[in-house]
file start.txt (compact mmCIF, C-alpha atoms (C1' of nucleotides))
# COMPACT_ATOMS: atom_id res chain seq x y z
CA MET A 25 1.00 38.40 -11.93
CA SER A 26 3.47 36.81 -9.65
CA PRO A 27 4.64 33.49 -11.03
CA HIS A 28 4.27 31.44 -7.85
CA SER A 29 3.04 31.61 -4.32
CA THR A 30 5.08 30.92 -1.20
CA VAL A 31 3.75 28.95 1.73
CA LEU A 32 5.05 28.39 5.23
CA VAL A 33 4.25 25.10 6.95
CA VAL A 34 4.72 24.85 10.72
CA ASP A 35 4.62 21.54 12.58
CA ASP A 36 6.79 19.88 15.19
CA ASP A 37 6.66 16.54 13.40
CA LYS A 38 9.27 16.24 10.65
CA ASP A 39 7.28 13.55 8.88
CA VAL A 40 4.31 15.86 8.62
CA LEU A 41 6.49 18.65 7.27
CA HIS A 42 7.95 16.33 4.68
CA ALA A 43 4.59 15.03 3.62
CA ALA A 44 3.17 18.53 3.30
CA GLU A 45 6.17 19.61 1.28
CA LEU A 46 5.67 16.70 -1.10
CA VAL A 47 2.00 17.48 -1.61
CA LEU A 48 2.29 21.22 -1.93
CA SER A 49 5.55 21.78 -3.81
CA SER A 50 5.05 22.41 -7.48
CA GLU A 51 5.89 24.78 -10.32
CA THR A 52 3.53 27.34 -8.91
CA MET A 53 4.04 26.85 -5.19
CA ARG A 54 7.14 27.12 -3.06
CA VAL A 55 7.14 25.63 0.41
CA LYS A 56 9.18 26.58 3.43
CA VAL A 57 8.94 24.49 6.58
CA LEU A 58 9.52 25.31 10.23
CA GLU A 59 9.61 23.03 13.24
CA SER A 60 9.41 25.59 16.00
CA PRO A 61 6.44 27.90 16.51
CA GLY A 62 8.72 30.45 18.14
CA GLU A 63 10.37 31.30 14.85
CA VAL A 64 7.15 31.97 13.01
CA GLU A 65 6.90 35.66 13.77
CA ALA A 66 10.43 36.36 12.57
CA ALA A 67 9.84 34.24 9.46
CA ILE A 68 6.68 36.01 8.34
CA GLU A 69 8.31 39.37 8.87
CA ARG A 70 11.31 38.41 6.77
CA THR A 71 9.47 36.69 3.95
CA MET A 72 6.08 37.67 2.60
CA PHE A 73 4.22 34.38 2.50
CA ASP A 74 0.98 33.87 0.65
CA ALA A 75 -0.35 31.35 3.14
CA LEU A 76 0.44 29.69 6.44
CA LEU A 77 -0.32 26.08 7.30
CA VAL A 78 0.15 25.52 11.01
CA ASP A 79 -0.39 22.69 13.42
CA MET A 80 -2.39 23.31 16.58
CA ASN A 81 -0.51 21.11 19.06
CA PHE A 82 3.21 21.29 19.73
CA ALA A 83 3.90 19.94 23.19
CA VAL A 84 3.42 16.16 23.28
CA GLY A 85 0.19 15.20 24.96
CA LYS A 86 -1.29 18.63 24.40
CA ARG A 87 -4.38 18.46 22.31
CA ASP A 88 -6.51 21.42 23.27
CA GLY A 89 -5.07 23.46 20.41
CA GLY A 90 -4.27 26.43 22.61
CA GLN A 91 -0.90 26.96 21.04
CA GLY A 92 -2.34 26.89 17.58
CA LEU A 93 -4.92 29.49 18.55
CA GLY A 94 -2.23 31.68 20.10
CA LEU A 95 -0.06 31.39 17.05
CA LEU A 96 -3.06 32.22 14.91
CA ALA A 97 -3.74 35.36 16.90
CA LEU A 98 -0.10 36.36 16.65
CA CYS A 99 -0.09 36.01 12.87
CA ARG A 100 -3.37 37.83 12.47
CA ARG A 101 -1.98 40.74 14.45
CA SER A 102 1.30 40.76 12.61
CA ASP A 103 -0.23 40.65 9.13
CA PRO A 104 -4.00 40.64 8.84
CA THR A 105 -3.85 40.00 5.11
CA LEU A 106 -2.02 36.69 5.52
CA SER A 107 -4.40 33.71 5.38
CA VAL A 108 -3.82 30.99 7.94
CA VAL A 109 -4.93 27.37 7.59
CA LEU A 110 -4.93 25.33 10.77
CA MET A 111 -4.49 21.57 11.00
CA THR A 112 -4.84 19.09 13.83
CA ALA A 113 -5.20 15.42 14.54
CA TYR A 114 -7.40 16.01 17.58
CA ALA A 115 -10.24 17.84 15.93
CA GLY A 116 -13.24 18.77 17.97
CA VAL A 117 -16.11 20.89 16.77
CA ALA A 118 -15.53 23.50 19.46
CA LEU A 119 -11.89 23.87 18.52
CA ALA A 120 -12.65 24.21 14.83
CA VAL A 121 -15.24 26.88 15.58
CA GLU A 122 -12.80 28.78 17.78
CA ALA A 123 -10.17 28.61 15.07
CA LEU A 124 -12.36 29.98 12.33
CA LYS A 125 -13.83 32.64 14.60
CA GLY A 126 -10.25 33.61 15.37
CA GLY A 127 -9.62 34.38 11.74
CA ALA A 128 -8.33 31.12 10.26
CA VAL A 129 -9.58 30.66 6.71
CA ASP A 130 -9.73 26.88 6.84
CA PHE A 131 -9.27 23.91 9.10
CA VAL A 132 -7.98 20.52 7.92
CA MET A 133 -7.85 17.31 9.85
CA LYS A 134 -4.84 15.02 10.00
CA PRO A 135 -4.43 12.71 8.29
CA TRP A 136 -5.50 14.75 5.29
CA ARG A 137 -6.52 13.89 1.76
CA ASN A 138 -3.80 15.35 -0.42
CA GLU A 139 -6.22 17.02 -2.72
CA THR A 140 -8.10 18.57 0.17
CA LEU A 141 -4.95 20.04 1.65
CA LEU A 142 -3.77 21.37 -1.68
CA GLU A 143 -7.09 23.01 -2.38
CA ALA A 144 -7.21 24.58 1.08
CA VAL A 145 -3.76 26.09 0.72
CA ARG A 146 -4.44 27.20 -2.83
CA SER A 147 -7.54 29.11 -1.93
CA ALA A 148 -5.84 30.55 1.15
CA SER A 149 -3.11 31.92 -1.12
CA ALA A 150 -5.67 33.35 -3.47
CA LEU A 151 -7.48 35.02 -0.60
CA THR A 152 -4.28 36.55 0.72
CA ARG A 153 -3.53 38.04 -2.67
CA GLN A 154 -7.01 39.39 -2.99
CA ARG A 155 -6.76 41.02 0.43
CA ARG A 156 -3.41 42.57 -0.42
CA GLN A 157 -4.72 43.87 -3.68
CA GLU A 158 -7.77 45.37 -2.01
CA GLU A 159 -5.52 47.03 0.50
CA GLN A 160 -3.73 48.87 -2.28
CA ILE A 161 -6.92 50.43 -3.50
CA THR A 162 -6.74 54.02 -4.54
CA LEU A 163 -8.94 56.68 -2.92
CA ASP A 164 -10.61 57.26 -6.25
CA ALA A 165 -11.43 53.58 -6.78
CA LEU A 166 -12.70 53.31 -3.23
CA GLU A 167 -15.02 56.23 -3.83
CA ARG A 168 -16.26 54.60 -7.00
CA GLN A 169 -16.98 51.31 -5.28
CA THR A 170 -18.73 52.98 -2.39
CA ILE A 171 -20.91 55.07 -4.66
CA GLU A 172 -21.75 52.04 -6.75
CA ARG A 173 -22.79 49.99 -3.73
CA THR A 174 -24.73 52.83 -2.17
CA LEU A 175 -26.68 53.42 -5.36
CA GLU A 176 -27.46 49.74 -5.58
CA ARG A 177 -28.56 49.59 -1.96
CA HIS A 178 -30.96 52.50 -2.53
CA ARG A 179 -32.17 51.01 -5.81
CA GLY A 180 -30.87 53.91 -7.87
CA ASN A 181 -32.53 56.67 -5.90
CA ILE A 182 -30.04 59.50 -6.28
CA SER A 183 -31.41 61.74 -3.57
CA LEU A 184 -31.32 59.03 -0.92
CA SER A 185 -27.90 57.85 -1.98
CA ALA A 186 -26.48 61.35 -1.84
CA ALA A 187 -27.89 61.84 1.64
CA ALA A 188 -26.47 58.50 2.77
CA LEU A 189 -23.05 59.39 1.38
CA GLY A 190 -23.16 62.80 3.05
CA ILE A 191 -22.81 64.83 -0.13
CA SER A 192 -25.16 67.02 -2.13
CA ARG A 193 -27.19 65.57 -4.91
CA ALA A 194 -25.34 67.62 -7.50
CA ALA A 195 -22.03 66.36 -6.15
CA LEU A 196 -23.20 62.80 -6.57
CA TYR A 197 -24.16 63.51 -10.16
CA ARG A 198 -20.70 64.89 -10.85
CA ARG A 199 -18.97 61.92 -9.28
CA MET A 200 -21.18 59.45 -11.08
CA ALA A 201 -20.24 61.12 -14.34
CA LYS A 202 -16.56 61.08 -13.42
CA HIS A 203 -16.69 57.39 -12.69
CA ALA A 204 -18.94 56.56 -15.61
CA LEU A 205 -21.80 55.16 -13.56
CA MET B 30 -29.46 53.36 20.62
CA SER B 31 -32.24 50.98 19.87
CA PRO B 32 -33.79 49.61 23.05
CA HIS B 33 -33.80 45.93 22.13
CA SER B 34 -32.71 43.49 19.49
CA THR B 35 -34.94 41.11 17.57
CA VAL B 36 -34.00 37.54 16.83
CA LEU B 37 -35.52 34.91 14.57
CA VAL B 38 -35.20 31.25 15.58
CA VAL B 39 -35.86 28.57 12.98
CA ASP B 40 -36.26 24.89 13.85
CA ASP B 41 -38.73 22.18 12.96
CA ASP B 42 -38.91 20.97 16.55
CA LYS B 43 -41.42 22.92 18.64
CA ASP B 44 -39.69 21.94 21.87
CA VAL B 45 -36.46 23.43 20.63
CA LEU B 46 -38.23 26.62 19.63
CA HIS B 47 -39.85 26.86 23.02
CA ALA B 48 -36.59 26.26 24.86
CA ALA B 49 -34.76 28.85 22.79
CA GLU B 50 -37.53 31.35 23.37
CA LEU B 51 -37.25 30.80 27.12
CA VAL B 52 -33.51 31.29 27.14
CA LEU B 53 -33.32 34.25 24.81
CA SER B 54 -36.38 36.31 25.65
CA SER B 55 -35.65 39.22 27.94
CA GLU B 56 -36.09 42.96 28.36
CA THR B 57 -33.48 43.58 25.69
CA MET B 58 -34.23 40.75 23.31
CA ARG B 59 -37.35 39.88 21.40
CA VAL B 60 -37.72 36.44 19.88
CA LYS B 61 -39.76 35.31 16.91
CA VAL B 62 -39.91 31.65 16.04
CA LEU B 63 -40.54 29.82 12.78
CA GLU B 64 -41.05 26.15 12.12
CA SER B 65 -40.69 26.08 8.39
CA PRO B 66 -37.48 27.06 6.57
CA GLY B 67 -39.48 28.06 3.53
CA GLU B 68 -40.87 31.11 5.31
CA VAL B 69 -37.50 32.46 6.34
CA GLU B 70 -36.84 34.58 3.28
CA ALA B 71 -40.19 36.33 3.52
CA ALA B 72 -39.72 36.84 7.25
CA ILE B 73 -36.33 38.51 7.02
CA GLU B 74 -37.57 40.78 4.28
CA ARG B 75 -40.56 41.86 6.32
CA THR B 76 -38.82 42.31 9.65
CA MET B 77 -35.28 43.55 10.14
CA PHE B 78 -33.84 40.99 12.55
CA ASP B 79 -30.60 41.51 14.40
CA ALA B 80 -29.70 37.83 14.37
CA LEU B 81 -30.82 34.48 13.02
CA LEU B 82 -30.56 31.19 14.88
CA VAL B 83 -31.25 28.32 12.51
CA ASP B 84 -31.18 24.58 12.72
CA MET B 85 -29.28 22.64 10.08
CA ASN B 86 -31.52 19.59 9.67
CA PHE B 87 -35.21 19.70 8.90
CA ALA B 88 -36.25 16.46 7.28
CA VAL B 89 -36.25 13.63 9.82
CA GLY B 90 -33.25 11.41 9.41
CA LYS B 91 -31.34 14.08 7.54
CA ARG B 92 -28.18 15.02 9.34
CA ASP B 93 -25.74 16.22 6.70
CA GLY B 94 -26.77 19.79 7.33
CA GLY B 95 -27.27 20.56 3.66
CA GLN B 96 -30.52 22.41 4.29
CA GLY B 97 -28.91 24.56 6.92
CA LEU B 98 -26.10 25.47 4.55
CA GLY B 99 -28.56 26.29 1.82
CA LEU B 100 -30.62 28.42 4.14
CA LEU B 101 -27.45 30.15 5.30
CA ALA B 102 -26.48 30.97 1.72
CA LEU B 103 -29.95 32.29 1.07
CA CYS B 104 -29.83 34.61 4.07
CA ARG B 105 -26.34 35.81 3.29
CA ARG B 106 -27.46 36.73 -0.20
CA SER B 107 -30.63 38.38 0.96
CA ASP B 108 -28.98 40.50 3.67
CA PRO B 109 -25.20 40.25 4.07
CA THR B 110 -25.27 42.34 7.23
CA LEU B 111 -27.51 39.89 9.07
CA SER B 112 -25.50 37.54 11.32
CA VAL B 113 -26.53 33.89 11.26
CA VAL B 114 -25.85 31.37 14.02
CA LEU B 115 -26.24 27.72 13.08
CA MET B 116 -27.14 24.91 15.43
CA THR B 117 -27.23 21.17 15.05
CA ALA B 118 -27.37 17.98 17.05
CA TYR B 119 -25.24 16.06 14.56
CA ALA B 120 -22.13 18.18 14.67
CA GLY B 121 -19.14 17.10 12.68
CA VAL B 122 -15.98 19.11 12.23
CA ALA B 123 -16.35 19.22 8.47
CA LEU B 124 -19.87 20.57 8.75
CA ALA B 125 -18.90 23.23 11.25
CA VAL B 126 -16.05 24.36 9.02
CA GLU B 127 -18.33 24.53 6.00
CA ALA B 128 -20.85 26.56 7.96
CA LEU B 129 -18.37 29.16 9.14
CA LYS B 130 -16.70 29.37 5.75
CA GLY B 131 -20.16 29.96 4.36
CA GLY B 132 -20.53 33.06 6.48
CA ALA B 133 -22.13 31.86 9.70
CA VAL B 134 -20.78 33.79 12.66
CA ASP B 135 -21.09 30.95 15.14
CA PHE B 136 -22.02 27.31 15.48
CA VAL B 137 -23.66 25.82 18.56
CA MET B 138 -24.28 22.18 19.35
CA LYS B 139 -27.56 20.79 20.64
CA PRO B 140 -28.15 20.36 23.44
CA TRP B 141 -26.70 23.73 24.32
CA ARG B 142 -25.64 25.37 27.52
CA ASN B 143 -28.05 28.24 28.01
CA GLU B 144 -25.33 30.73 28.67
CA THR B 145 -23.42 29.66 25.59
CA LEU B 146 -26.45 30.09 23.36
CA LEU B 147 -27.29 33.45 24.85
CA GLU B 148 -23.78 34.73 24.40
CA ALA B 149 -23.62 33.49 20.80
CA VAL B 150 -26.85 35.23 19.88
CA ARG B 151 -25.87 38.38 21.75
CA SER B 152 -22.61 38.79 19.95
CA ALA B 153 -24.27 37.93 16.64
CA SER B 154 -26.70 40.80 17.23
CA ALA B 155 -23.87 43.13 18.11
CA LEU B 156 -22.00 42.18 14.96
CA THR B 157 -25.06 42.76 12.81
CA ARG B 158 -25.49 46.22 14.26
CA GLN B 159 -21.84 47.03 13.74
CA ARG B 160 -22.04 45.92 10.12
CA ARG B 161 -25.15 48.01 9.53
CA GLN B 162 -23.56 51.02 11.09
CA GLU B 163 -20.43 50.61 9.00
CA GLU B 164 -22.58 50.39 5.92
CA GLN B 165 -24.04 53.82 6.62
CA ILE B 166 -20.63 55.43 6.61
CA THR B 167 -20.32 58.77 4.90
CA LEU B 168 -17.88 59.32 2.02
CA ASP B 169 -16.00 61.78 4.16
CA ALA B 170 -15.62 59.39 7.09
CA LEU B 171 -14.59 56.62 4.75
CA GLU B 172 -11.88 58.83 3.32
CA ARG B 173 -10.72 59.65 6.80
CA GLN B 174 -10.49 56.02 7.83
CA THR B 175 -8.68 55.02 4.68
CA ILE B 176 -6.16 57.80 5.03
CA GLU B 177 -5.60 56.94 8.67
CA ARG B 178 -4.97 53.28 7.91
CA THR B 179 -2.76 54.01 4.95
CA LEU B 180 -0.62 56.38 6.99
CA GLU B 181 -0.31 53.76 9.69
CA ARG B 182 0.61 51.06 7.22
CA HIS B 183 3.37 53.25 5.81
CA ARG B 184 4.52 54.28 9.26
CA GLY B 185 3.71 57.94 8.74
CA ASN B 186 5.61 58.39 5.49
CA ILE B 187 3.49 60.97 3.68
CA SER B 188 5.03 60.56 0.25
CA LEU B 189 4.51 56.81 0.19
CA SER B 190 1.00 57.09 1.57
CA ALA B 191 0.03 59.69 -1.01
CA ALA B 192 1.35 57.49 -3.80
CA ALA B 193 -0.55 54.49 -2.41
CA LEU B 194 -3.76 56.50 -2.21
CA GLY B 195 -3.31 57.78 -5.75
CA ILE B 196 -3.24 61.45 -4.84
CA SER B 197 -0.55 64.11 -4.76
CA ARG B 198 1.40 64.76 -1.62
CA ALA B 199 -0.06 68.21 -1.27
CA ALA B 200 -3.55 66.78 -1.55
CA LEU B 201 -2.83 64.37 1.25
CA TYR B 202 -1.64 67.25 3.45
CA ARG B 203 -4.86 69.12 2.81
CA ARG B 204 -7.02 66.10 3.59
CA MET B 205 -5.07 65.32 6.71
CA ALA B 206 -5.62 68.86 7.87
CA LYS B 207 -9.32 68.67 7.05
CA HIS B 208 -9.69 65.48 9.07
CA ALA B 209 -7.43 66.62 11.88
CA LEU B 210 -4.85 63.85 11.51
C1' DT C 17 33.00 69.04 5.49
C1' DG C 18 30.46 68.81 1.53
C1' DC C 19 27.53 66.17 -1.57
C1' DG C 20 23.40 63.64 -2.77
C1' DC C 21 19.03 62.06 -1.79
C1' DG C 22 14.65 61.52 0.08
C1' DC C 23 11.21 63.56 2.66
C1' DT C 24 8.80 67.56 4.48
C1' DG C 25 5.91 71.76 4.61
C1' DT C 26 4.06 75.61 2.07
C1' DC C 27 2.69 78.66 -1.86
C1' DC C 28 -0.16 80.18 -5.82
C1' DG C 29 -2.56 80.62 -10.30
C1' DG C 30 -5.44 77.73 -12.75
C1' DA C 31 -8.71 73.93 -12.75
C1' DT C 32 -12.30 71.79 -10.44
C1' DT C 33 -16.02 71.31 -7.36
C1' DC C 34 -19.48 73.25 -4.46
C1' DG C 35 -24.59 73.59 -3.37
C1' DA C 36 -28.60 76.54 -3.74
C1' DA C 37 -31.79 77.42 -7.20
C1' DC C 38 -34.74 76.45 -11.13
C1' DA C 39 -37.60 74.01 -14.42
C1' DC C 40 -39.38 69.66 -15.39
C1' DT C 41 -41.43 64.79 -14.76
C1' DT C 42 -43.72 61.26 -12.28
C1' DG C 43 -47.03 59.15 -9.35
C1' DA C 44 -50.12 58.81 -5.47
C1' DG C 45 -54.10 60.81 -3.21
C1' DT C 46 -58.69 63.24 -3.40
C1' DA D 3 -58.62 66.83 -13.28
C1' DC D 4 -56.10 69.03 -9.81
C1' DT D 5 -52.73 69.17 -6.20
C1' DC D 6 -48.87 68.08 -3.86
C1' DA D 7 -44.80 65.67 -2.61
C1' DA D 8 -40.69 63.61 -4.20
C1' DG D 9 -37.31 62.90 -7.55
C1' DT D 10 -34.58 64.37 -11.62
C1' DG D 11 -31.24 66.91 -14.47
C1' DT D 12 -28.79 71.26 -15.13
C1' DT D 13 -26.89 76.04 -14.39
C1' DC D 14 -23.64 79.46 -12.37
C1' DG D 15 -20.90 82.44 -9.39
C1' DA D 16 -18.39 81.45 -5.33
C1' DA D 17 -15.57 78.42 -2.80
C1' DT D 18 -12.43 74.90 -2.77
C1' DC D 19 -8.95 71.94 -4.46
C1' DC D 20 -5.24 70.82 -7.61
C1' DG D 21 -0.25 69.67 -8.22
C1' DG D 22 4.19 71.57 -9.76
C1' DA D 23 7.59 74.26 -7.65
C1' DC D 24 10.57 75.85 -4.11
C1' DA D 25 13.17 75.97 0.19
C1' DG D 26 14.48 73.58 4.27
C1' DC D 27 15.83 69.52 6.95
C1' DG D 28 18.05 65.26 8.35
C1' DC D 29 21.11 61.61 7.26
C1' DG D 30 24.28 58.33 5.13
C1' DC D 31 28.54 58.49 2.85
C1' DA D 32 33.13 59.40 0.92

call {"tool": "encode", "arguments": {"input": "start.txt", "output": "structure tokens"}}
result
Amino acid sequence: MSPHSTVLVVDDDKDVLHAAELVLSSETMRVKVLESPGEVEAAIERTMFDALLVDMNFAVGKRDGGQGLGLLALCRRSDPTLSVVLMTAYAGVALAVEALKGGAVDFVMKPWRNETLLEAVRSASALTRQRRQEEQITLDALERQTIERTLERHRGNISLSAAALGISRAALYRRMAKHAL
Amino acid sequence: MSPHSTVLVVDDDKDVLHAAELVLSSETMRVKVLESPGEVEAAIERTMFDALLVDMNFAVGKRDGGQGLGLLALCRRSDPTLSVVLMTAYAGVALAVEALKGGAVDFVMKPWRNETLLEAVRSASALTRQRRQEEQITLDALERQTIERTLERHRGNISLSAAALGISRAALYRRMAKHAL
DNA sequence: TGCGCGCTGTCCGGATTCGAACACTTGAGT
DNA sequence: ACTCAAGTGTTCGAATCCGGACAGCGCGCA
């Protein structure tokens, strides 16, 4: 596949950006950093990142995470396949729940354990790639998958499956043969 | 549609069960309660619930939520369309994150605000129904949706879309016509 | 202005798919 | 043992779908 993944880290604290860069950068992972949340949209439209790691609080004193949630929503709208990991120093359960319900794939607390952060970003990248691959599915493959699942759900009963799929029983036989099921 | 939704509440504390029953029971929502986590699997196979509300800690003194996570995994495996809401008195951020990453749709803290709990269970029910409806999709409708999304993703470019879908351009024209797109 | 290129929309003979029908098996009920 | 309902696997003429081909259109470019 692709030799390395590319990650964008967004935080208003330069020390945090530097630390994240140190932890994440490697042979297989490139890191780009950004201090301002306003530039995120342009950045993810220019470069196709495999994961985003973004802070939840930018204005000093703010700690309700509203900006992080807004940024999350923005990214999810702009590219639903892109996995977003949120981080914050002021973690509350309610905020974490909101974040994950809003489509974040993970939530790490600052200060982080290096290994924890790395693993979170790694699996976010993997998930992004999986989503992008699934999005490229061919009509034929999609049909195959759907038939397979439907048959399984109806425990192999061809008549029921055919009815559920909205095709005739004979048609299902043909398609099963075509897809070697 | 269906006149009411059915919810299963699981907790080892009878007071909690009673309180939940009081809050949730209504014209549109039926509640069944269960004290023992061991009976959950049998219960969800017998009755088709629209939502599950389960506690995370059963043994006294336990508060790491491991049982709740295990029960969650069990339910997700048994019926992936069934939405599960977790609740706990010993909420930590890490636990909440684990729960949602494990497929719970929401996470409420005890003691709860009645309105919060009701809303969580209501939207869990709605999500379950949506998932079940999507699962019953016909092959034809699935094809239509996929074509629609692919066209949108490629900004209406027929040639690109056809290539992405793995069919000839002419075939895409025919299917678009068939589905009135 | 003319050229090249990519995309569009449509056509048509051959390939494929359609579903109603038929014969057969299985299993539960009486 | 008999019946009946439900499911299976297959056939066949009709209906549909296939994709290569062709002509037209817009647009950047020299």

call {"tool": "interface_residues", "arguments": {"input": "start.txt", "of": "chain B", "to": "chain A", "cutoff": "6 Å", "atoms": "all atoms listed in the file", "output": "ChimeraX atom specification"}}
result
/B:122,167-168,194-195

call {"tool": "write_last_selection", "arguments": {"input": "start.txt", "atoms": "C-alpha atoms", "output": "PDB file, keeping the file's coordinate frame"}}
result
ATOM      1  CA  VAL B 122     -15.980  19.110  12.230  1.00  0.00           C
ATOM      2  CA  THR B 167     -20.320  58.770   4.900  1.00  0.00           C
ATOM      3  CA  LEU B 168     -17.880  59.320   2.020  1.00  0.00           C
ATOM      4  CA  LEU B 194      -3.760  56.500  -2.210  1.00  0.00           C
ATOM      5  CA  GLY B 195      -3.310  57.780  -5.750  1.00  0.00           C
TER       6      GLY B 195
END

call {"tool": "interface_residues", "arguments": {"input": "start.txt", "of": "chain D", "to": "chain B", "cutoff": "10 Å", "atoms": "only C-alpha atoms (C1' of nucleotides)", "output": "VMD selection string"}}
result
chain D and resid 19 to 21

call {"tool": "closest_residue", "arguments": {"input": "start.txt", "among": "B:Phe78, B:Tyr202, B:Trp141, B:Tyr119", "to": "chain C", "atoms": "only C-alpha atoms (C1' of nucleotides)"}}
result
B:Tyr202

call {"tool": "residues_near_point", "arguments": {"input": "start.txt", "point": "(5.4, 79.9, -4.1)", "cutoff": "12 Å", "atoms": "all atoms listed in the file", "output": "PyMOL selection string"}}
result
(chain C and resi 25-29) or (chain D and resi 22-25)

call {"tool": "atom_distance", "arguments": {"input": "start.txt", "atom1": "CA of Gln162 (chain B)", "atom2": "CA of Pro109 (chain B)"}}
result
13.0 Å

call {"tool": "closest_atom_pairs", "arguments": {"input": "start.txt", "of": "chain B", "to": "chain C", "cutoff": "9 Å", "atoms": "only C-alpha atoms (C1' of nucleotides)", "output": "CSV"}}
result
residue,atom,partner,partner_atom,distance
B:Asn186,CA,C:DC23,C1',8.1
B:Ile187,CA,C:DC23,C1',8.2
B:Ser188,CA,C:DC23,C1',7.3
B:Tyr202,CA,C:DG25,C1',8.9
